[in-house]
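Okay, so here's the structure we're looking at.
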Amino acid sequence: MDNRAIGVFDSGLGGLTCVRRLHETMPQESIIYFGDTGRVPYGTRGRDTIIKYARQDIRFLLGYDLKAIVVACNTASAAALDTVRHEFDLPIFGTVEPSCDKARCVTREGRIGVIGTAATVRSGIYEHRLRAADPALTVYTAACPLFVPLVENGRVHRGDIVIETVVREYLQPMRDAGVDTLILGCTHYPLLHDVIADFMGAGVTLVDSGAEAANAVRRAVEPAQVGAGGTQYFVSDDPQGFAQLAGLFLQEDVHGEAGLIDISAY
């Protein structure tokens with residue numbers, strides 16, 4: 001048994017969908033979550049800035065006794081993971097590789113769509129990983145910059161004309177292309193699962209990148225002793241706002257405020 005904690009970070013609150021999956025599948029684990037709410041979004045930043053932020057986020061988490069870290073941010077996974085993995089002496093998991101593996105397993109026709117932030121799509125990492133594993137795959141990508149602010153404003157439900165209109169605008173080319181698998185390449189996007197699934201249709205499998213990252217951790221790390229779990233939350237700005245929104249991402253009650261961290265000190 002390894003009772004050390006698992007560290008998780010994201011540019012904001014989307015990584016809580018990864019934490020939700022960890023709670024579901026590894027309830028005995030202790031988790032330290034950091035949301036960089038003072039610098040969200042990462043998706044509009046340049047690669048060097050994203051790497052700098054990821055390093056600072058990891059240094060903060062390493063103040064705790066950890067057995068692994070999850071980069072629960074597709075933008076940071078795309079831009080920084082290959083760099084930071086070589087700089088820190090513990091396992092660091094991202095969202096891209098596990099979700100690509102899942103998509104390759106479930107696609108029927110080899111037509112895979114990927115949606116994410118502008119930085120994630122611009123990086124080309126999903127196409128690279130998927131085609132390196134199987135050159136026969138056809139990969140379609142689309143940036144969906146309005147999804148994150150709409151999710152954080154609670155516009156996530158069926159029947160909401162705003163989110164349904166934006167989903168149609170962004171995803172019509174994917175539907176027209178006949179993708180059979182769609183990677184939700186941002187950890188905010190699982191909150192839009194029902195709206196996206198309704199638009200894409202029953203024949204399209206949605207892949208939750210945060211959940212797949214959590215599944216990769218579960219397969220790789222030594223579990224903690226049953227009953228050892230508990231989660232601590234930290235943010236770099238607006239802990240009151242965290243308390244209001246966290247339950248939406250976690251689908252469970254969150255008690256107390258998150259701790260406020262000056263991430264620039266790291």
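Residue names in the structure tokens use chain letters A, B, ... in the order shown, residue numbers from 1 in each chain, and ligand numbers from 1 in the order shown.
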Taking a cut-off of 10 Å and counting only C-alpha atoms, can you build a table that, for each residue of range 117-138 of chain A near range 168-185 of chain A, reports the nearest atom pair and how far apart they are in Å (one decimal), sorted by chain then residue number, as JSON lines?
```
{"residue": "A:Thr117", "atom": "CA", "partner": "A:Gly185", "partner_atom": "CA", "distance": 7.7}
{"residue": "A:Thr120", "atom": "CA", "partner": "A:Gly185", "partner_atom": "CA", "distance": 7.8}
{"residue": "A:Val121", "atom": "CA", "partner": "A:Gly185", "partner_atom": "CA", "distance": 8.8}
{"residue": "A:Tyr126", "atom": "CA", "partner": "A:Gly185", "partner_atom": "CA", "distance": 8.8}
{"residue": "A:Thr138", "atom": "CA", "partner": "A:Val179", "partner_atom": "CA", "distance": 8.7}
```
Write out as a PyMOL selection string each polymer residue whose atoms come within 7 Å of Asp10 in chain A, counting only C-alpha atoms; drop sequence neighbours fewer than 4 positions from it. chain A and resi 14-15+34-36+71-73
Neighbours of Gly159 in chain A within 9 Å (only C-alpha atoms; same-chain residues fewer than 4 positions away dropped), as a ChimeraX atom specification? /A:163-164,195
Restricting the output to C-alpha atoms, write the selected residues as a PDB file, in the first residue's frame.
```
ATOM      1  CA  ILE A 163     -25.158  26.284 -25.469  1.00  0.00           C
ATOM      2  CA  GLU A 164     -27.145  24.274 -28.007  1.00  0.00           C
ATOM      3  CA  VAL A 195     -25.798  18.417 -25.133  1.00  0.00           C
TER       4      VAL A 195
END
```
Tell me, which residues of range 61-199 of chain A carry DSSP helix (DSSP H, G or I), written as a count of residues only? 72
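Atom pair CA of Arg108 in chain A / CA of Val217 in chain A: separated by 26.2 Å.
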Please determine, counting only C-alpha atoms, which residue among A:Val70, A:Ile50, A:Gln232, A:Val40 has the shortest atom-to-atom distance to Ala214 in chain A.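 Nearest candidate to Ala214 in chain A out of A:Val70, A:Ile50, A:Gln232, A:Val40: A:Val70.
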Min atom-atom distance to Leu206 in chain A from the set A:Arg155, A:Lys102, A:Arg219, A:His255, counting only C-alpha atoms, belongs to A:Lys102
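Every protein or nucleic acid residue with an atom no more than 12 Å from Arg131 in chain A, counting only C-alpha atoms and leaving out same-chain residues fewer than 6 positions away, appears here: Cys100, Asp101, Ala103, Arg104, Gly110, Arg111, Ile112, Gly124, Ile125, Leu137, Thr138, Val139 and Tyr140 of chain A.
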Create the file for the chosen residues now, containing N, CA, C and O atoms and written as a short mmCIF file (atom, residue, chain, number, x, y, z; two decimals), in the first residue's frame.
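Listed below is the output, selection.cif:
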```cif
data_model
loop_
_atom_site.label_atom_id
_atom_site.label_comp_id
_atom_site.auth_asym_id
_atom_site.auth_seq_id
_atom_site.Cartn_x
_atom_site.Cartn_y
_atom_site.Cartn_z
N CYS A 100 -6.30 9.33 -26.35
CA CYS A 100 -6.01 8.80 -27.68
C CYS A 100 -6.10 7.27 -27.69
O CYS A 100 -6.65 6.67 -28.63
N ASP A 101 -5.55 6.64 -26.67
CA ASP A 101 -5.62 5.18 -26.58
C ASP A 101 -7.07 4.70 -26.54
O ASP A 101 -7.44 3.73 -27.22
N ALA A 103 -9.75 6.33 -27.64
CA ALA A 103 -10.41 6.60 -28.92
C ALA A 103 -10.06 5.55 -29.96
O ALA A 103 -10.91 5.09 -30.72
N ARG A 104 -8.79 5.13 -30.00
CA ARG A 104 -8.39 4.10 -30.95
C ARG A 104 -9.08 2.77 -30.67
O ARG A 104 -9.37 2.00 -31.59
N GLY A 110 -12.58 4.44 -37.83
CA GLY A 110 -11.30 5.14 -37.89
C GLY A 110 -11.44 6.62 -38.17
O GLY A 110 -10.49 7.26 -38.64
N ARG A 111 -12.61 7.20 -37.85
CA ARG A 111 -12.86 8.62 -38.07
C ARG A 111 -13.06 9.27 -36.70
O ARG A 111 -14.13 9.14 -36.09
N ILE A 112 -12.03 9.96 -36.23
CA ILE A 112 -12.00 10.48 -34.86
C ILE A 112 -11.98 12.00 -34.89
O ILE A 112 -11.17 12.61 -35.60
N GLY A 124 -1.46 20.48 -32.38
CA GLY A 124 -1.48 19.31 -33.26
C GLY A 124 -1.15 17.99 -32.58
O GLY A 124 -0.97 16.96 -33.25
N ILE A 125 -1.11 18.00 -31.25
CA ILE A 125 -0.63 16.81 -30.54
C ILE A 125 -1.58 15.63 -30.69
O ILE A 125 -1.14 14.47 -30.76
N LEU A 137 -5.89 6.22 -39.50
CA LEU A 137 -6.95 7.02 -38.89
C LEU A 137 -7.13 8.34 -39.63
O LEU A 137 -6.18 8.95 -40.10
N THR A 138 -8.38 8.79 -39.69
CA THR A 138 -8.69 10.13 -40.16
C THR A 138 -9.09 10.97 -38.95
O THR A 138 -9.99 10.59 -38.20
N VAL A 139 -8.40 12.09 -38.75
CA VAL A 139 -8.59 12.89 -37.54
C VAL A 139 -9.07 14.29 -37.93
O VAL A 139 -8.47 14.95 -38.79
N TYR A 140 -10.13 14.72 -37.29
CA TYR A 140 -10.68 16.06 -37.48
C TYR A 140 -10.57 16.82 -36.16
O TYR A 140 -10.81 16.24 -35.10
#
```
Considering only C-alpha atoms, tabulate each residue of range 7-45 of chain A that lies at most 12 Å from range 84-92 of chain A along with its nearest interatomic pair and the corresponding distance in Å to one decimal; arrange the rows by chain and ascending residue number and present them as CSV.
```
residue,atom,partner,partner_atom,distance
A:Gly7,CA,A:Ile92,CA,9.3
A:Val8,CA,A:Ile92,CA,9.6
A:Phe9,CA,A:Ile92,CA,11.0
```
Keeping all heavy atoms, export the residues of the selection given above as a PDB file, in the first residue's frame.
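In the end it all went to part.pdb:
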```pdb
ATOM      1  N   GLY A   7      -1.383  14.302  -6.674  1.00  0.00           N
ATOM      2  CA  GLY A   7      -1.560  15.713  -6.990  1.00  0.00           C
ATOM      3  C   GLY A   7      -2.235  15.880  -8.339  1.00  0.00           C
ATOM      4  O   GLY A   7      -1.963  15.140  -9.278  1.00  0.00           O
ATOM      5  N   VAL A   8      -3.138  16.841  -8.428  1.00  0.00           N
ATOM      6  CA  VAL A   8      -3.858  17.119  -9.677  1.00  0.00           C
ATOM      7  C   VAL A   8      -3.871  18.626  -9.878  1.00  0.00           C
ATOM      8  O   VAL A   8      -4.158  19.376  -8.936  1.00  0.00           O
ATOM      9  CB  VAL A   8      -5.311  16.610  -9.619  1.00  0.00           C
ATOM     10  CG1 VAL A   8      -6.032  16.875 -10.940  1.00  0.00           C
ATOM     11  CG2 VAL A   8      -5.368  15.127  -9.261  1.00  0.00           C
ATOM     12  N   PHE A   9      -3.549  19.094 -11.098  1.00  0.00           N
ATOM     13  CA  PHE A   9      -3.697  20.530 -11.342  1.00  0.00           C
ATOM     14  C   PHE A   9      -4.316  20.805 -12.699  1.00  0.00           C
ATOM     15  O   PHE A   9      -4.266  19.986 -13.617  1.00  0.00           O
ATOM     16  CB  PHE A   9      -2.357  21.268 -11.197  1.00  0.00           C
ATOM     17  CG  PHE A   9      -1.397  21.125 -12.345  1.00  0.00           C
ATOM     18  CD1 PHE A   9      -1.458  21.972 -13.441  1.00  0.00           C
ATOM     19  CD2 PHE A   9      -0.395  20.155 -12.313  1.00  0.00           C
ATOM     20  CE1 PHE A   9      -0.551  21.862 -14.490  1.00  0.00           C
ATOM     21  CE2 PHE A   9       0.524  20.044 -13.349  1.00  0.00           C
ATOM     22  CZ  PHE A   9       0.443  20.897 -14.447  1.00  0.00           C
TER      23      PHE A   9
END
```
Just the residues within 12 Å of Ile32 in chain A, please, counting only C-alpha atoms, with nothing from its chain fewer than 3 positions along; format it as number ranges by chain. A: 4-10, 15-16, 19, 22, 29, 35, 57-58, 60-70, 229-235, 258-259
Selected residues written out with C-alpha atoms, as a CSV table (one decimal), in the first residue's frame:
```
chain,number,residue,atom,x,y,z
A,4,ARG,CA,1.0,9.1,-0.4
A,5,ALA,CA,-1.3,11.6,-2.1
A,6,ILE,CA,-2.1,12.1,-5.8
A,7,GLY,CA,-1.6,15.7,-7.0
A,8,VAL,CA,-3.9,17.1,-9.7
A,9,PHE,CA,-3.7,20.5,-11.3
A,10,ASP,CA,-5.5,22.5,-14.0
A,15,GLY,CA,-9.7,19.3,-13.8
A,16,LEU,CA,-12.3,18.6,-11.2
A,19,VAL,CA,-10.9,14.4,-9.6
A,22,LEU,CA,-10.6,9.5,-9.1
A,29,GLU,CA,-6.8,7.9,-2.3
A,35,GLY,CA,-6.7,25.2,-9.8
A,57,ASP,CA,1.9,24.3,-10.4
A,58,ILE,CA,4.0,21.2,-10.0
A,60,PHE,CA,3.5,23.9,-5.4
A,61,LEU,CA,2.1,20.4,-5.4
A,62,LEU,CA,5.5,18.9,-4.5
A,63,GLY,CA,5.2,20.6,-1.2
A,64,TYR,CA,3.1,17.6,-0.3
A,65,ASP,CA,4.2,14.0,-0.2
A,66,LEU,CA,3.0,12.7,-3.5
A,67,LYS,CA,3.2,9.4,-5.4
A,68,ALA,CA,2.0,10.9,-8.8
A,69,ILE,CA,0.8,14.1,-10.4
A,70,VAL,CA,-2.0,14.4,-13.0
A,229,GLY,CA,-8.6,9.1,1.4
A,230,GLY,CA,-9.5,12.8,1.5
A,231,THR,CA,-9.2,15.8,-0.9
A,232,GLN,CA,-7.7,19.2,-0.3
A,233,TYR,CA,-8.4,22.0,-2.8
A,234,PHE,CA,-6.3,25.1,-3.6
A,235,VAL,CA,-6.7,28.0,-6.0
A,258,ALA,CA,-10.3,26.2,-1.1
A,259,GLY,CA,-7.0,27.4,0.2
```
Which residues are near Glu152 in chain A? Cut-off 10 Å, only C-alpha atoms, ignore same chain within fewer than 2 positions. Put them as an MDAnalysis selection string. chainID A and resid 12:14 147:150 154:156 188 191 245:246 248:249
Selected residues written out with all heavy atoms, as a compact mmCIF listing (two decimals), in the first residue's frame:
```txt
# COMPACT_ATOMS: atom_id res chain seq x y z
N GLY A 12 -7.87 25.87 -14.21
CA GLY A 12 -9.03 26.37 -13.48
C GLY A 12 -9.73 25.24 -12.77
O GLY A 12 -9.13 24.51 -12.01
N LEU A 13 -11.01 25.08 -13.09
CA LEU A 13 -11.82 24.09 -12.38
C LEU A 13 -12.13 22.85 -13.22
O LEU A 13 -12.65 21.87 -12.69
CB LEU A 13 -13.13 24.73 -11.91
CG LEU A 13 -13.00 25.95 -11.01
CD1 LEU A 13 -14.36 26.37 -10.48
CD2 LEU A 13 -12.04 25.69 -9.86
N GLY A 14 -11.83 22.88 -14.51
CA GLY A 14 -12.16 21.73 -15.35
C GLY A 14 -11.53 20.44 -14.88
O GLY A 14 -12.12 19.36 -15.01
N PHE A 147 -16.78 27.29 -25.14
CA PHE A 147 -17.29 26.26 -24.24
C PHE A 147 -16.90 26.52 -22.79
O PHE A 147 -17.71 26.36 -21.89
CB PHE A 147 -16.78 24.88 -24.67
CG PHE A 147 -17.55 24.25 -25.81
CD1 PHE A 147 -18.61 24.90 -26.42
CD2 PHE A 147 -17.21 22.98 -26.27
CE1 PHE A 147 -19.31 24.31 -27.47
CE2 PHE A 147 -17.90 22.39 -27.32
CZ PHE A 147 -18.95 23.05 -27.91
N VAL A 148 -15.63 26.88 -22.54
CA VAL A 148 -15.18 27.04 -21.16
C VAL A 148 -15.96 28.14 -20.43
O VAL A 148 -16.49 27.91 -19.34
CB VAL A 148 -13.66 27.27 -21.09
CG1 VAL A 148 -13.24 27.73 -19.69
CG2 VAL A 148 -12.93 25.99 -21.46
N PRO A 149 -16.05 29.36 -20.97
CA PRO A 149 -16.83 30.37 -20.25
C PRO A 149 -18.29 30.01 -20.09
O PRO A 149 -18.91 30.35 -19.06
CB PRO A 149 -16.63 31.65 -21.08
CG PRO A 149 -16.12 31.20 -22.40
CD PRO A 149 -15.38 29.93 -22.16
N LEU A 150 -18.87 29.33 -21.07
CA LEU A 150 -20.27 28.94 -20.93
C LEU A 150 -20.44 27.90 -19.82
O LEU A 150 -21.37 27.98 -19.02
CB LEU A 150 -20.80 28.40 -22.26
CG LEU A 150 -21.07 29.47 -23.32
CD1 LEU A 150 -21.36 28.83 -24.67
CD2 LEU A 150 -22.23 30.37 -22.91
N GLY A 154 -22.51 28.01 -16.01
CA GLY A 154 -23.61 27.09 -15.79
C GLY A 154 -24.48 26.81 -16.99
O GLY A 154 -25.54 26.18 -16.85
N ARG A 155 -24.05 27.19 -18.19
CA ARG A 155 -24.86 26.97 -19.40
C ARG A 155 -24.54 25.60 -19.97
O ARG A 155 -23.87 25.46 -21.00
CB ARG A 155 -24.60 28.06 -20.44
CG ARG A 155 -24.70 29.48 -19.91
CD ARG A 155 -26.04 29.82 -19.29
NE ARG A 155 -27.11 29.87 -20.23
CZ ARG A 155 -27.58 31.00 -20.79
NH1 ARG A 155 -27.01 32.16 -20.50
NH2 ARG A 155 -28.60 30.97 -21.63
N VAL A 156 -24.99 24.55 -19.30
CA VAL A 156 -24.57 23.19 -19.64
C VAL A 156 -25.74 22.24 -19.89
O VAL A 156 -25.51 21.07 -20.20
CB VAL A 156 -23.68 22.60 -18.51
CG1 VAL A 156 -22.43 23.43 -18.33
CG2 VAL A 156 -24.45 22.49 -17.19
N HIS A 188 -13.21 20.71 -19.11
CA HIS A 188 -14.52 21.34 -18.91
C HIS A 188 -15.62 20.63 -19.69
O HIS A 188 -16.78 20.64 -19.29
CB HIS A 188 -14.49 22.80 -19.36
CG HIS A 188 -13.92 23.77 -18.39
ND1 HIS A 188 -12.58 23.81 -18.07
CD2 HIS A 188 -14.52 24.75 -17.66
CE1 HIS A 188 -12.38 24.79 -17.20
NE2 HIS A 188 -13.54 25.37 -16.93
N LEU A 191 -18.94 18.34 -18.87
CA LEU A 191 -20.18 18.91 -18.36
C LEU A 191 -21.18 19.16 -19.49
O LEU A 191 -22.37 19.34 -19.25
CB LEU A 191 -19.91 20.20 -17.60
CG LEU A 191 -19.60 20.00 -16.10
CD1 LEU A 191 -18.23 19.36 -15.90
CD2 LEU A 191 -19.69 21.30 -15.33
N LEU A 245 -18.72 26.90 -7.67
CA LEU A 245 -18.71 26.15 -8.92
C LEU A 245 -18.25 24.70 -8.79
O LEU A 245 -18.57 23.87 -9.64
CB LEU A 245 -17.80 26.85 -9.94
CG LEU A 245 -18.37 28.05 -10.67
CD1 LEU A 245 -17.29 28.73 -11.49
CD2 LEU A 245 -19.53 27.64 -11.56
N ALA A 246 -17.49 24.39 -7.74
CA ALA A 246 -16.87 23.07 -7.66
C ALA A 246 -17.88 21.94 -7.69
O ALA A 246 -17.64 20.90 -8.31
CB ALA A 246 -16.01 22.98 -6.40
N LEU A 248 -20.59 21.73 -9.28
CA LEU A 248 -21.04 21.49 -10.65
C LEU A 248 -20.12 20.51 -11.36
O LEU A 248 -20.57 19.60 -12.07
CB LEU A 248 -21.08 22.82 -11.41
CG LEU A 248 -21.46 22.77 -12.90
CD1 LEU A 248 -22.91 22.34 -13.07
CD2 LEU A 248 -21.23 24.15 -13.54
N PHE A 249 -18.80 20.66 -11.16
CA PHE A 249 -17.82 19.79 -11.81
C PHE A 249 -17.72 18.43 -11.13
O PHE A 249 -17.58 17.40 -11.79
CB PHE A 249 -16.44 20.46 -11.81
CG PHE A 249 -16.33 21.61 -12.75
CD1 PHE A 249 -16.68 22.88 -12.36
CD2 PHE A 249 -15.86 21.42 -14.05
CE1 PHE A 249 -16.57 23.96 -13.23
CE2 PHE A 249 -15.75 22.49 -14.92
CZ PHE A 249 -16.10 23.76 -14.51
```
Can you tell me how far CA of Gly38 in chain A sits from CA of Tyr266 in chain A, in Å to one decimal?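 Separation of CA of Gly38 in chain A and CA of Tyr266 in chain A: 14.1 Å.
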